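Novice: File follows, input.txt with compact mmCIF, C-alpha atoms:
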```txt
# COMPACT_ATOMS: atom_id res chain seq x y z
CA MET A 9 98.61 -79.31 -304.11
CA SER A 10 98.32 -76.27 -301.90
CA PRO A 11 95.28 -76.37 -299.52
CA CYS A 12 94.47 -72.79 -300.45
CA PRO A 13 93.71 -71.61 -303.99
CA PRO A 14 95.78 -68.83 -305.50
CA ALA A 15 94.47 -65.31 -304.87
CA ASN A 16 93.41 -64.85 -308.48
CA CYS A 17 91.55 -68.16 -308.74
CA CYS A 18 88.21 -66.38 -308.82
CA LEU A 19 89.28 -64.54 -311.93
CA ARG A 20 89.97 -67.79 -313.82
CA THR A 21 87.59 -70.05 -315.65
CA PRO A 22 85.39 -72.37 -313.53
CA LEU A 23 87.22 -75.46 -314.85
CA SER A 24 90.55 -74.27 -313.48
CA CYS A 25 89.07 -73.94 -310.00
CA ARG A 26 87.02 -77.13 -309.79
CA ARG A 27 89.54 -78.93 -307.62
CA PHE A 28 88.80 -76.58 -304.73
CA SER A 29 85.92 -77.17 -302.33
CA ALA A 30 83.09 -74.73 -301.63
CA THR A 31 84.87 -73.60 -298.46
CA THR A 32 88.10 -72.82 -300.26
CA ALA A 33 86.12 -71.13 -303.02
CA MET A 34 84.70 -68.77 -300.42
CA ASN A 35 88.19 -68.19 -299.07
CA CYS A 36 89.22 -67.48 -302.64
CA TYR A 37 86.57 -64.78 -302.92
CA ARG A 38 87.60 -63.14 -299.68
CA ALA A 39 91.30 -63.35 -300.60
CA ALA A 40 90.49 -61.60 -303.85
CA ALA A 41 88.68 -58.84 -301.93
CA SER A 42 91.59 -58.33 -299.56
CA SER A 43 94.03 -58.44 -302.48
CA ARG A 44 92.24 -55.58 -304.26
CA PHE A 45 90.80 -57.77 -307.00
CA LEU A 46 87.40 -56.45 -305.94
CA PRO A 47 86.30 -52.82 -305.58
CA PRO A 48 85.78 -51.30 -302.09
CA GLY A 49 82.01 -51.63 -302.38
CA ALA A 50 82.32 -55.39 -302.88
CA MET A 51 84.64 -55.68 -299.87
CA PHE A 52 82.10 -53.77 -297.76
CA PHE A 53 79.33 -56.13 -298.91
CA ASP A 54 81.60 -59.09 -298.19
CA LYS A 55 82.00 -57.85 -294.61
CA ALA A 56 78.24 -57.58 -294.21
CA MET A 57 77.41 -60.92 -295.82
CA TYR A 58 80.03 -63.25 -294.40
CA SER A 59 81.15 -61.85 -291.06
CA THR A 60 78.35 -63.66 -289.21
CA ASN A 61 76.73 -67.07 -289.35
CA ARG A 62 73.39 -66.36 -291.00
CA GLY A 63 72.26 -69.94 -290.59
CA THR A 64 71.18 -69.39 -286.97
CA VAL A 65 68.52 -67.18 -285.41
CA GLY A 66 71.13 -65.15 -283.54
CA GLY A 67 73.31 -64.86 -286.63
CA PHE A 68 70.53 -63.71 -288.95
CA PHE A 69 68.43 -61.54 -286.61
CA LEU A 70 71.12 -60.30 -284.19
CA ALA A 71 74.26 -60.37 -286.39
CA GLY A 72 75.79 -62.98 -284.10
CA ARG A 73 75.80 -60.50 -281.19
CA SER A 74 79.18 -59.34 -282.46
CA MET A 75 78.64 -55.66 -283.29
CA VAL A 76 80.89 -52.98 -281.84
CA TRP A 77 79.75 -49.52 -280.78
CA TRP A 78 80.19 -47.44 -283.92
CA PRO A 79 78.08 -49.58 -286.30
CA ILE A 80 75.43 -49.79 -283.57
CA GLY A 81 75.33 -46.01 -283.15
CA ALA A 82 75.33 -45.36 -286.89
CA SER A 83 72.61 -47.95 -287.47
CA LEU A 84 70.43 -46.54 -284.68
CA PHE A 85 70.72 -43.13 -286.32
CA ALA A 86 70.09 -44.41 -289.86
CA SER A 87 67.19 -46.62 -288.72
CA ASN A 88 65.50 -43.52 -287.37
CA ILE A 89 66.66 -40.93 -289.92
CA GLY A 90 65.69 -41.62 -293.50
CA SER A 91 64.16 -40.04 -296.54
CA GLY A 92 61.03 -39.35 -294.50
CA HIS A 93 62.99 -37.06 -292.21
CA PHE A 94 64.74 -35.23 -295.03
CA VAL A 95 61.37 -34.58 -296.65
CA GLY A 96 59.25 -34.17 -293.50
CA LEU A 97 61.58 -32.17 -291.25
CA ALA A 98 62.68 -29.87 -294.05
CA GLY A 99 59.11 -29.43 -295.29
CA THR A 100 57.73 -28.68 -291.83
CA GLY A 101 60.64 -26.32 -291.19
CA ALA A 102 59.88 -24.48 -294.42
CA ALA A 103 56.22 -24.16 -293.42
CA ALA A 104 56.42 -23.52 -289.67
CA GLY A 105 59.97 -22.92 -288.45
CA ILE A 106 62.38 -24.71 -286.12
CA ALA A 107 59.98 -26.20 -283.55
CA ILE A 108 59.90 -29.54 -285.38
CA GLY A 109 63.59 -29.95 -284.48
CA GLY A 110 62.50 -30.44 -280.87
CA PHE A 111 61.26 -33.90 -281.88
CA GLU A 112 64.85 -34.89 -282.66
CA TRP A 113 66.38 -33.35 -279.55
CA ASN A 114 63.85 -35.16 -277.37
CA ALA A 115 65.46 -38.43 -278.48
CA LEU A 116 68.72 -37.49 -276.73
CA VAL A 117 67.31 -38.57 -273.38
CA MET A 118 65.35 -41.55 -274.66
CA VAL A 119 68.23 -43.25 -276.43
CA VAL A 120 70.27 -43.08 -273.20
CA ILE A 121 67.36 -44.62 -271.27
CA LEU A 122 67.31 -47.38 -273.88
CA GLY A 123 70.97 -48.29 -273.37
CA TRP A 124 71.06 -48.01 -269.58
CA LEU A 125 67.63 -49.30 -268.53
CA PHE A 126 65.81 -51.30 -271.19
CA VAL A 127 68.53 -53.22 -273.06
CA PRO A 128 69.92 -54.93 -269.91
CA ILE A 129 66.40 -56.22 -269.20
CA TYR A 130 66.00 -57.56 -272.75
CA ILE A 131 69.41 -59.22 -272.69
CA LYS A 132 68.77 -60.85 -269.33
CA ALA A 133 65.47 -62.19 -270.66
CA GLY A 134 67.34 -63.77 -273.58
CA VAL A 135 64.92 -62.56 -276.26
CA VAL A 136 65.33 -61.70 -279.93
CA THR A 137 62.07 -59.83 -280.56
CA MET A 138 59.73 -57.65 -278.52
CA PRO A 139 56.71 -59.98 -278.95
CA GLU A 140 58.91 -62.76 -277.57
CA TYR A 141 59.70 -60.60 -274.53
CA LEU A 142 56.01 -60.01 -273.82
CA ARG A 143 55.34 -63.75 -274.04
CA LYS A 144 58.08 -64.45 -271.50
CA ARG A 145 57.01 -61.57 -269.27
CA PHE A 146 53.25 -62.19 -269.19
CA GLY A 147 52.88 -65.75 -270.47
CA GLY A 148 50.68 -67.11 -273.26
CA LYS A 149 51.03 -66.79 -277.01
CA ARG A 150 48.07 -64.52 -277.70
CA ILE A 151 49.85 -61.33 -276.62
CA GLN A 152 52.88 -62.32 -278.71
CA ILE A 153 50.75 -62.86 -281.83
CA TYR A 154 48.76 -59.69 -281.15
CA LEU A 155 51.87 -57.48 -280.88
CA SER A 156 53.45 -59.12 -283.93
CA ILE A 157 50.41 -58.40 -286.12
CA LEU A 158 49.96 -54.91 -284.66
CA SER A 159 53.63 -54.05 -285.25
CA LEU A 160 53.49 -55.26 -288.86
CA LEU A 161 50.37 -53.23 -289.58
CA LEU A 162 51.78 -50.09 -287.92
CA TYR A 163 55.02 -50.36 -289.86
CA ILE A 164 53.31 -50.96 -293.19
CA PHE A 165 50.76 -48.16 -292.89
CA THR A 166 52.89 -45.57 -291.08
CA LYS A 167 56.70 -45.78 -291.21
CA ILE A 168 57.36 -47.93 -294.28
CA SER A 169 54.75 -46.23 -296.44
CA ALA A 170 56.01 -42.77 -295.44
CA ASP A 171 59.65 -43.69 -296.10
CA ILE A 172 58.82 -45.22 -299.46
CA PHE A 173 56.80 -42.15 -300.47
CA SER A 174 59.47 -39.66 -299.42
CA GLY A 175 62.26 -41.71 -300.99
CA ALA A 176 60.28 -41.88 -304.22
CA ILE A 177 59.85 -38.09 -304.14
CA PHE A 178 63.63 -37.71 -304.03
CA ILE A 179 64.09 -40.04 -307.00
CA GLN A 180 61.25 -38.37 -308.90
CA VAL A 181 62.67 -34.86 -308.42
CA ALA A 182 66.29 -35.87 -309.06
CA MET A 183 65.86 -38.35 -311.93
CA GLY A 184 62.43 -37.60 -313.35
CA LEU A 185 61.18 -41.18 -312.88
CA ASN A 186 57.55 -42.08 -312.34
CA ILE A 187 56.86 -42.26 -308.60
CA TYR A 188 55.60 -45.87 -308.81
CA VAL A 189 58.70 -47.00 -310.69
CA ALA A 190 60.82 -45.32 -308.00
CA ILE A 191 58.91 -47.21 -305.30
CA VAL A 192 59.52 -50.57 -307.00
CA ILE A 193 63.26 -49.79 -307.27
CA LEU A 194 63.48 -48.88 -303.58
CA LEU A 195 61.65 -52.01 -302.42
CA THR A 196 63.70 -54.31 -304.65
CA ILE A 197 67.09 -53.00 -303.50
CA THR A 198 66.09 -53.03 -299.83
CA ALA A 199 64.67 -56.56 -299.99
CA LEU A 200 67.79 -57.84 -301.75
CA TYR A 201 70.33 -56.89 -299.11
CA THR A 202 68.00 -57.45 -296.14
CA ILE A 203 66.89 -60.99 -297.01
CA THR A 204 70.28 -62.20 -298.22
CA GLY A 205 72.42 -60.62 -295.51
CA GLY A 206 70.26 -60.46 -292.38
CA LEU A 207 70.82 -57.86 -289.67
CA ALA A 208 74.58 -57.72 -290.28
CA ALA A 209 74.02 -56.53 -293.85
CA VAL A 210 71.42 -54.02 -292.66
CA ILE A 211 73.70 -52.57 -289.97
CA TYR A 212 76.71 -52.23 -292.25
CA THR A 213 74.53 -50.70 -294.95
CA ASP A 214 73.09 -48.29 -292.36
CA THR A 215 76.64 -47.33 -291.37
CA LEU A 216 77.55 -46.53 -294.97
CA GLN A 217 74.28 -44.62 -295.42
CA THR A 218 74.94 -42.59 -292.26
CA PHE A 219 78.33 -41.49 -293.59
CA ILE A 220 76.83 -40.54 -296.96
CA MET A 221 73.88 -38.71 -295.37
CA LEU A 222 76.02 -36.67 -292.99
CA VAL A 223 78.69 -35.72 -295.52
CA GLY A 224 76.14 -34.79 -298.19
CA SER A 225 73.87 -32.82 -295.85
CA ILE A 226 76.78 -30.95 -294.25
CA ILE A 227 78.00 -29.84 -297.68
CA LEU A 228 74.49 -28.81 -298.72
CA THR A 229 73.97 -26.88 -295.47
CA GLY A 230 77.20 -24.98 -296.09
CA TYR A 231 76.10 -24.03 -299.60
CA ALA A 232 72.64 -23.04 -298.33
CA PHE A 233 73.84 -20.73 -295.54
CA ASN A 234 76.40 -19.18 -297.88
CA GLU A 235 73.63 -18.45 -300.36
CA VAL A 236 71.51 -16.51 -297.82
CA GLY A 237 74.38 -14.64 -296.17
CA GLY A 238 74.90 -16.62 -292.98
CA TYR A 239 72.67 -17.10 -289.95
CA GLU A 240 71.63 -13.46 -289.60
CA GLY A 241 70.64 -13.26 -293.23
CA PHE A 242 68.80 -16.56 -292.84
CA MET A 243 66.68 -15.26 -289.93
CA GLU A 244 65.85 -12.00 -291.68
CA LYS A 245 65.06 -13.43 -295.10
CA TYR A 246 62.94 -16.31 -293.83
CA MET A 247 60.45 -13.95 -292.19
CA ASN A 248 60.06 -12.18 -295.55
CA ALA A 249 59.73 -15.32 -297.70
CA ILE A 250 56.25 -14.66 -299.09
CA PRO A 251 55.06 -16.12 -302.43
CA SER A 252 54.22 -13.72 -305.25
CA GLU A 253 50.90 -15.41 -306.11
CA ILE A 254 48.35 -14.99 -303.31
CA MET A 255 45.14 -14.49 -305.31
CA ILE A 256 42.60 -17.23 -306.05
CA GLY A 257 40.29 -15.71 -308.62
CA ASN A 258 39.22 -12.37 -307.18
CA GLU A 259 39.88 -13.33 -303.57
CA THR A 260 43.08 -12.96 -301.60
CA VAL A 261 44.36 -15.95 -299.63
CA PRO A 262 44.26 -15.30 -295.83
CA GLU A 263 47.55 -13.81 -294.68
CA LYS A 264 48.27 -16.54 -292.13
CA CYS A 265 48.35 -19.09 -294.97
CA TYR A 266 51.35 -17.64 -296.78
CA THR A 267 53.35 -15.64 -294.20
CA PRO A 268 55.89 -17.31 -291.88
CA ARG A 269 54.73 -17.77 -288.30
CA PRO A 270 55.80 -15.02 -285.86
CA ASP A 271 57.20 -17.74 -283.57
CA SER A 272 59.12 -19.50 -286.35
CA PHE A 273 62.40 -19.33 -284.42
CA GLN A 274 60.98 -20.55 -281.11
CA ILE A 275 61.10 -24.21 -280.11
CA PHE A 276 58.86 -23.87 -277.04
CA ARG A 277 55.65 -22.29 -278.27
CA ASN A 278 52.51 -20.94 -276.64
CA PRO A 279 50.49 -23.77 -275.03
CA ILE A 280 47.23 -22.26 -276.32
CA THR A 281 47.92 -20.66 -279.70
CA GLY A 282 51.09 -22.49 -280.76
CA ASP A 283 51.00 -25.14 -283.46
CA MET A 284 53.32 -27.28 -281.29
CA PRO A 285 52.53 -26.36 -277.66
CA TRP A 286 55.48 -26.73 -275.32
CA PRO A 287 53.70 -29.06 -272.84
CA GLY A 288 53.01 -31.48 -275.67
CA LEU A 289 56.58 -31.21 -276.93
CA ILE A 290 58.02 -32.02 -273.51
CA PHE A 291 55.53 -34.39 -271.90
CA GLY A 292 53.33 -35.78 -274.65
CA LEU A 293 56.18 -36.40 -277.08
CA SER A 294 58.28 -38.05 -274.37
CA ILE A 295 55.66 -40.79 -273.94
CA LEU A 296 55.65 -41.51 -277.67
CA ALA A 297 59.46 -41.31 -277.85
CA LEU A 298 59.81 -43.74 -274.94
CA TRP A 299 57.73 -46.30 -276.84
CA TYR A 300 59.61 -45.76 -280.10
CA TRP A 301 63.18 -45.70 -278.80
CA CYS A 302 62.87 -48.28 -276.04
CA THR A 303 60.36 -50.87 -277.27
CA ASP A 304 60.38 -50.65 -281.06
CA GLN A 305 61.73 -53.85 -282.64
CA VAL A 306 63.87 -52.11 -285.27
CA ILE A 307 65.65 -49.92 -282.69
CA VAL A 308 66.04 -52.52 -279.94
CA GLN A 309 67.32 -55.13 -282.40
CA ARG A 310 70.38 -52.98 -283.15
CA CYS A 311 71.26 -52.84 -279.47
CA LEU A 312 70.76 -56.56 -278.95
CA SER A 313 73.39 -57.21 -281.64
CA GLY A 314 76.13 -55.60 -279.50
CA LYS A 315 78.97 -57.81 -278.29
CA ASN A 316 78.62 -56.46 -274.73
CA MET A 317 76.88 -53.71 -272.76
CA SER A 318 79.80 -51.32 -273.03
CA HIS A 319 79.47 -51.28 -276.82
CA VAL A 320 75.69 -50.96 -276.59
CA LYS A 321 75.92 -47.92 -274.29
CA ALA A 322 78.62 -46.31 -276.40
CA GLY A 323 76.48 -46.82 -279.51
CA CYS A 324 73.51 -45.17 -277.80
CA ILE A 325 75.66 -42.18 -276.79
CA MET A 326 76.96 -41.86 -280.36
CA CYS A 327 73.40 -41.91 -281.69
CA GLY A 328 72.36 -39.29 -279.13
CA TYR A 329 75.07 -36.88 -280.26
CA MET A 330 74.11 -37.38 -283.90
CA LYS A 331 70.48 -36.57 -283.08
CA LEU A 332 71.61 -32.98 -282.45
CA LEU A 333 72.33 -32.62 -286.16
CA PRO A 334 68.90 -32.81 -287.90
CA MET A 335 67.97 -29.33 -286.65
CA PHE A 336 70.92 -27.86 -288.54
CA LEU A 337 71.16 -30.30 -291.45
CA MET A 338 67.47 -30.77 -292.30
CA VAL A 339 65.15 -28.28 -290.61
CA MET A 340 67.16 -25.13 -291.34
CA PRO A 341 68.03 -26.10 -294.93
CA GLY A 342 64.30 -26.61 -295.48
CA MET A 343 63.68 -23.09 -294.24
CA ILE A 344 66.42 -21.78 -296.55
CA SER A 345 64.73 -23.60 -299.43
CA ARG A 346 61.65 -21.48 -298.76
CA ILE A 347 63.83 -18.36 -298.95
CA LEU A 348 65.47 -19.33 -302.24
CA TYR A 349 62.49 -20.93 -303.99
CA THR A 350 59.56 -19.18 -302.35
CA ASP A 351 57.04 -19.46 -305.19
CA GLU A 352 57.55 -23.22 -305.39
CA VAL A 353 58.03 -24.31 -301.77
CA ALA A 354 55.61 -21.80 -300.17
CA CYS A 355 52.94 -21.75 -302.87
CA VAL A 356 49.31 -21.30 -301.74
CA VAL A 357 47.44 -21.04 -305.05
CA PRO A 358 46.36 -24.53 -306.22
CA GLU A 359 47.33 -23.89 -309.85
CA ALA A 360 50.81 -22.72 -308.86
CA CYS A 361 51.27 -25.73 -306.59
CA MET A 362 50.18 -28.13 -309.33
CA GLU A 363 52.79 -26.64 -311.61
CA ALA A 364 55.51 -26.84 -308.95
CA CYS A 365 54.94 -30.28 -307.42
CA LYS A 366 51.82 -31.84 -309.00
CA THR A 367 49.85 -31.33 -305.74
CA GLU A 368 47.20 -28.69 -305.06
CA VAL A 369 47.44 -28.59 -301.28
CA GLY A 370 51.00 -27.29 -300.97
CA CYS A 371 54.61 -28.05 -301.93
CA SER A 372 56.58 -27.86 -298.69
CA ASN A 373 57.43 -31.57 -299.18
CA ILE A 374 59.78 -30.69 -302.03
CA ALA A 375 61.81 -28.20 -299.97
CA TYR A 376 64.84 -30.44 -299.47
CA PRO A 377 64.82 -32.24 -302.85
CA THR A 378 64.52 -28.88 -304.61
CA LEU A 379 67.46 -27.52 -302.62
CA VAL A 380 69.57 -30.56 -303.57
CA VAL A 381 68.73 -30.42 -307.27
CA LYS A 382 69.00 -26.66 -307.76
CA LEU A 383 71.67 -25.55 -305.29
CA MET A 384 74.26 -28.33 -305.32
CA PRO A 385 76.78 -28.13 -308.18
CA ASN A 386 76.41 -30.64 -311.02
```
What's the structure tokens form of this structure?
Specialist:
Amino acid sequence: MSPCPPANCCLRTPLSCRRFSATTAMNCYRAAASSRFLPPGAMFFDKAMYSTNRGTVGGFFLAGRSMVWWPIGASLFASNIGSGHFVGLAGTGAAAGIAIGGFEWNALVMVVILGWLFVPIYIKAGVVTMPEYLRKRFGGKRIQIYLSILSLLLYIFTKISADIFSGAIFIQVAMGLNIYVAIVILLTITALYTITGGLAAVIYTDTLQTFIMLVGSIILTGYAFNEVGGYEGFMEKYMNAIPSEIMIGNETVPEKCYTPRPDSFQIFRNPITGDMPWPGLIFGLSILALWYWCTDQVIVQRCLSGKNMSHVKAGCIMCGYMKLLPMFLMVMPGMISRILYTDEVACVVPEACMEACKTEVGCSNIAYPTLVVKLMPN
């Protein structure tokens, strides 16, 4: 009897394959994937699930330290850019202009500092998590437990909650589902591939998501700029994107509430009157970005999975280049959404906002989802 099962063994009945061991059964599955018995999506999942030994700490949490530069760079980008950015950056761009894009460009420097300065220290310390590094650096378990609990709370009440909300908004606008049903769907899918596949599954999934995000947003940006007549038309029409309803009862809404800011196309704004003063954008944001990009567990964990420092640095450079894109693929399309759907995205009358997005305080959050649903071809 041949030590290896035939390539189509997995397609037979269980009885015909009983003579093979569990190991050869797994080989059978992988042979079927490579022999085109499985669709490309299954082969991609196979790569994520079985390319590393998930039975060890390093295999599960660091993907066996076997990642090359391009999945690291794509995962760094996707770990940072999510539904929250598509909703938040586009919505803020629709409301206040391009200055919010400076948050993304600030990361160019920080991600390089991560790869050249911080990651070598973490690798030399031989740690898997940031709380573990603090325990080794300062001694004692209390600081490790404190940072672990603090990190969990911060993620639950800030990043995770925001990403779940914004992702649910996309599903609600696109599919008409109840927002709570959309949240349950998102959590279930994410938990499934994260728990079963470990960091390897997360990184490969991030890589696939990065490709989908970039291709889709580039196409949408092309359609959006074509719709407004190019960049010059975009600049002119945005400054005139004023909603038709500006009366609440017998009173007119203050002009500053519904007209675009005069400095909408300036990144560095007045330190006194600007909504995002340039000193804060350069110095204040850099402190926050240094914490996020260089000490956050989710970001650092991707770098620690690299097979060597050359791949880690190359992944950081790749991520840095991709961080140039959100200004053009998220912020500006959000501003174009205000031009095309002014009465919905830029509404100021509570009744009009309730009709547009079921919220009285404003509808800038639906700028990007509305652009996707109404502008992209069916």
Novice: Counting only C-alpha atoms, I want the residues whose atoms come within 12 Å of (61.7, -15.5, -296.1) in the file frame, returned as a PDB file with C-alpha atoms, in the coordinates of the input.
Specialist:
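So the final result, stored in out-v3.pdb, reads:
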```
ATOM      1  CA  GLY A 101      60.640 -26.320-291.190  1.00  0.00           C
ATOM      2  CA  ALA A 102      59.880 -24.480-294.420  1.00  0.00           C
ATOM      3  CA  ALA A 103      56.220 -24.160-293.420  1.00  0.00           C
ATOM      4  CA  ALA A 104      56.420 -23.520-289.670  1.00  0.00           C
ATOM      5  CA  GLY A 105      59.970 -22.920-288.450  1.00  0.00           C
ATOM      6  CA  VAL A 236      71.510 -16.510-297.820  1.00  0.00           C
ATOM      7  CA  GLY A 241      70.640 -13.260-293.230  1.00  0.00           C
ATOM      8  CA  PHE A 242      68.800 -16.560-292.840  1.00  0.00           C
ATOM      9  CA  MET A 243      66.680 -15.260-289.930  1.00  0.00           C
ATOM     10  CA  GLU A 244      65.850 -12.000-291.680  1.00  0.00           C
ATOM     11  CA  LYS A 245      65.060 -13.430-295.100  1.00  0.00           C
ATOM     12  CA  TYR A 246      62.940 -16.310-293.830  1.00  0.00           C
ATOM     13  CA  MET A 247      60.450 -13.950-292.190  1.00  0.00           C
ATOM     14  CA  ASN A 248      60.060 -12.180-295.550  1.00  0.00           C
ATOM     15  CA  ALA A 249      59.730 -15.320-297.700  1.00  0.00           C
ATOM     16  CA  ILE A 250      56.250 -14.660-299.090  1.00  0.00           C
ATOM     17  CA  PRO A 251      55.060 -16.120-302.430  1.00  0.00           C
ATOM     18  CA  SER A 252      54.220 -13.720-305.250  1.00  0.00           C
ATOM     19  CA  TYR A 266      51.350 -17.640-296.780  1.00  0.00           C
ATOM     20  CA  THR A 267      53.350 -15.640-294.200  1.00  0.00           C
ATOM     21  CA  PRO A 268      55.890 -17.310-291.880  1.00  0.00           C
ATOM     22  CA  ARG A 269      54.730 -17.770-288.300  1.00  0.00           C
ATOM     23  CA  PRO A 270      55.800 -15.020-285.860  1.00  0.00           C
ATOM     24  CA  SER A 272      59.120 -19.500-286.350  1.00  0.00           C
ATOM     25  CA  GLY A 342      64.300 -26.610-295.480  1.00  0.00           C
ATOM     26  CA  MET A 343      63.680 -23.090-294.240  1.00  0.00           C
ATOM     27  CA  ILE A 344      66.420 -21.780-296.550  1.00  0.00           C
ATOM     28  CA  SER A 345      64.730 -23.600-299.430  1.00  0.00           C
ATOM     29  CA  ARG A 346      61.650 -21.480-298.760  1.00  0.00           C
ATOM     30  CA  ILE A 347      63.830 -18.360-298.950  1.00  0.00           C
ATOM     31  CA  LEU A 348      65.470 -19.330-302.240  1.00  0.00           C
ATOM     32  CA  TYR A 349      62.490 -20.930-303.990  1.00  0.00           C
ATOM     33  CA  THR A 350      59.560 -19.180-302.350  1.00  0.00           C
ATOM     34  CA  ASP A 351      57.040 -19.460-305.190  1.00  0.00           C
ATOM     35  CA  VAL A 353      58.030 -24.310-301.770  1.00  0.00           C
ATOM     36  CA  ALA A 354      55.610 -21.800-300.170  1.00  0.00           C
TER      37      ALA A 354
END
```
Novice: For a test of reading the model, state the distance in Å between CA of Lys366 (chain A) and CA of Ile168 (chain A), rounded to one decimal.
Specialist: 22.5 Å
Novice: List as a PyMOL selection string: which residues have an atom within 7 Å of (64.1, -30.2, -299.8), counting all atoms listed in the file?
Specialist: chain A and resi 94-95+98-99+342+345+373-380
Novice: Could the residues in this selection be written to a file with C-alpha atoms, as a short mmCIF file (atom, residue, chain, number, x, y, z; two decimals), keeping the file's coordinate frame?
Specialist:
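Output (selection_12.cif):
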```
data_model
loop_
_atom_site.label_atom_id
_atom_site.label_comp_id
_atom_site.auth_asym_id
_atom_site.auth_seq_id
_atom_site.Cartn_x
_atom_site.Cartn_y
_atom_site.Cartn_z
CA PHE A 94 64.74 -35.23 -295.03
CA VAL A 95 61.37 -34.58 -296.65
CA ALA A 98 62.68 -29.87 -294.05
CA GLY A 99 59.11 -29.43 -295.29
CA GLY A 342 64.30 -26.61 -295.48
CA SER A 345 64.73 -23.60 -299.43
CA ASN A 373 57.43 -31.57 -299.18
CA ILE A 374 59.78 -30.69 -302.03
CA ALA A 375 61.81 -28.20 -299.97
CA TYR A 376 64.84 -30.44 -299.47
CA PRO A 377 64.82 -32.24 -302.85
CA THR A 378 64.52 -28.88 -304.61
CA LEU A 379 67.46 -27.52 -302.62
CA VAL A 380 69.57 -30.56 -303.57
#
```
Novice: A:Trp124, A:Tyr141, A:Trp286, A:Tyr239: which is nearest Met317 (chain A), counting all atoms listed in the file?
Specialist: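 Smallest separation from Met317 (chain A) among the options: A:Trp124.
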Novice: Which residues come within 12 Å of Lys321 (chain A), counting all atoms listed in the file, excluding same-chain residues fewer than 5 positions away, as a ChimeraX atom specification?
Specialist: /A:76-78,80-81,84,119-128,310-312,314-316,326-328
Novice: Quick one: distance from CA of Ala170 (chain A) to CA of Thr218 (chain A) in Å, one decimal?
Specialist: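 The value is 19.2 Å.
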Novice: Kindly give the distance, in Å, that separates CA of Thr202 (chain A) and CA of Ala86 (chain A), rounded to a single decimal.
Specialist: 14.6 Å
Novice: In terms of the shortest atom-to-atom distance over only C-alpha atoms, which of A:Asn234, A:Thr166, A:Ser91, A:Asn114 is closest to Leu194 (chain A)?
Specialist: A:Ser91
Novice: For region 150-154 of chain A, list every protein, DNA or RNA residue within 10 Å, evaluated using all atoms listed in the file, and leave out those in the same chain fewer than 2 positions away; present the list as a list in words.
Specialist: Thr137, Met138, Pro139, Glu140, Tyr141, Leu142, Arg143, Lys144, Phe146, Gly147, Gly148, Ser156, Ile157, Leu158 and Ser159 of chain A
Novice: Counting all atoms listed in the file, figure out which residue out of A:Tyr163, A:Phe111, A:Tyr212, A:Tyr201 gets nearest to Leu296 (chain A).
Specialist: A:Phe111
Novice: Looking at A:Met340, A:Ile197, A:Ile325, A:Leu222, which one is nearest to Ile89 (chain A), with distances taken over all atoms listed in the file?
Specialist: A:Leu222
Novice: Counting only C-alpha atoms, which residue out of A:Ile227, A:Val320, A:Leu298, A:Leu332 sits closest to Pro385 (chain A)?
Specialist: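 Closest to Pro385 (chain A), using only C-alpha atoms: A:Ile227.
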Novice: Have region 363-370 of chain A completed to N, CA, C and O atoms, please, and pass it along as a JSON list (two decimals), in the coordinates of the input.
Specialist:
```
[["chain", "number", "residue", "atom", "x", "y", "z"],
["A", 363, "GLU", "N", 51.68, -26.83, -310.69],
["A", 363, "GLU", "CA", 52.79, -26.64, -311.61],
["A", 363, "GLU", "C", 54.12, -26.95, -310.95],
["A", 363, "GLU", "O", 55.04, -27.49, -311.58],
["A", 364, "ALA", "N", 54.23, -26.67, -309.65],
["A", 364, "ALA", "CA", 55.51, -26.84, -308.95],
["A", 364, "ALA", "C", 55.75, -28.28, -308.52],
["A", 364, "ALA", "O", 56.87, -28.79, -308.65],
["A", 365, "CYS", "N", 54.70, -28.95, -308.00],
["A", 365, "CYS", "CA", 54.94, -30.28, -307.42],
["A", 365, "CYS", "C", 53.82, -31.27, -307.70],
["A", 365, "CYS", "O", 53.76, -32.32, -307.06],
["A", 366, "LYS", "N", 52.92, -30.94, -308.61],
["A", 366, "LYS", "CA", 51.82, -31.84, -309.00],
["A", 366, "LYS", "C", 50.86, -32.12, -307.84],
["A", 366, "LYS", "O", 50.21, -33.16, -307.79],
["A", 367, "THR", "N", 50.77, -31.20, -306.88],
["A", 367, "THR", "CA", 49.85, -31.33, -305.74],
["A", 367, "THR", "C", 49.21, -29.98, -305.48],
["A", 367, "THR", "O", 49.90, -28.96, -305.44],
["A", 368, "GLU", "N", 47.91, -29.95, -305.25],
["A", 368, "GLU", "CA", 47.20, -28.69, -305.06],
["A", 368, "GLU", "C", 47.28, -28.14, -303.64],
["A", 368, "GLU", "O", 47.08, -26.95, -303.42],
["A", 369, "VAL", "N", 47.56, -29.00, -302.68],
["A", 369, "VAL", "CA", 47.44, -28.59, -301.28],
["A", 369, "VAL", "C", 48.72, -27.98, -300.71],
["A", 369, "VAL", "O", 48.74, -27.58, -299.54],
["A", 370, "GLY", "N", 49.77, -27.88, -301.47],
["A", 370, "GLY", "CA", 51.00, -27.29, -300.97],
["A", 370, "GLY", "C", 52.22, -28.08, -301.41],
["A", 370, "GLY", "O", 52.12, -29.27, -301.70]]
```
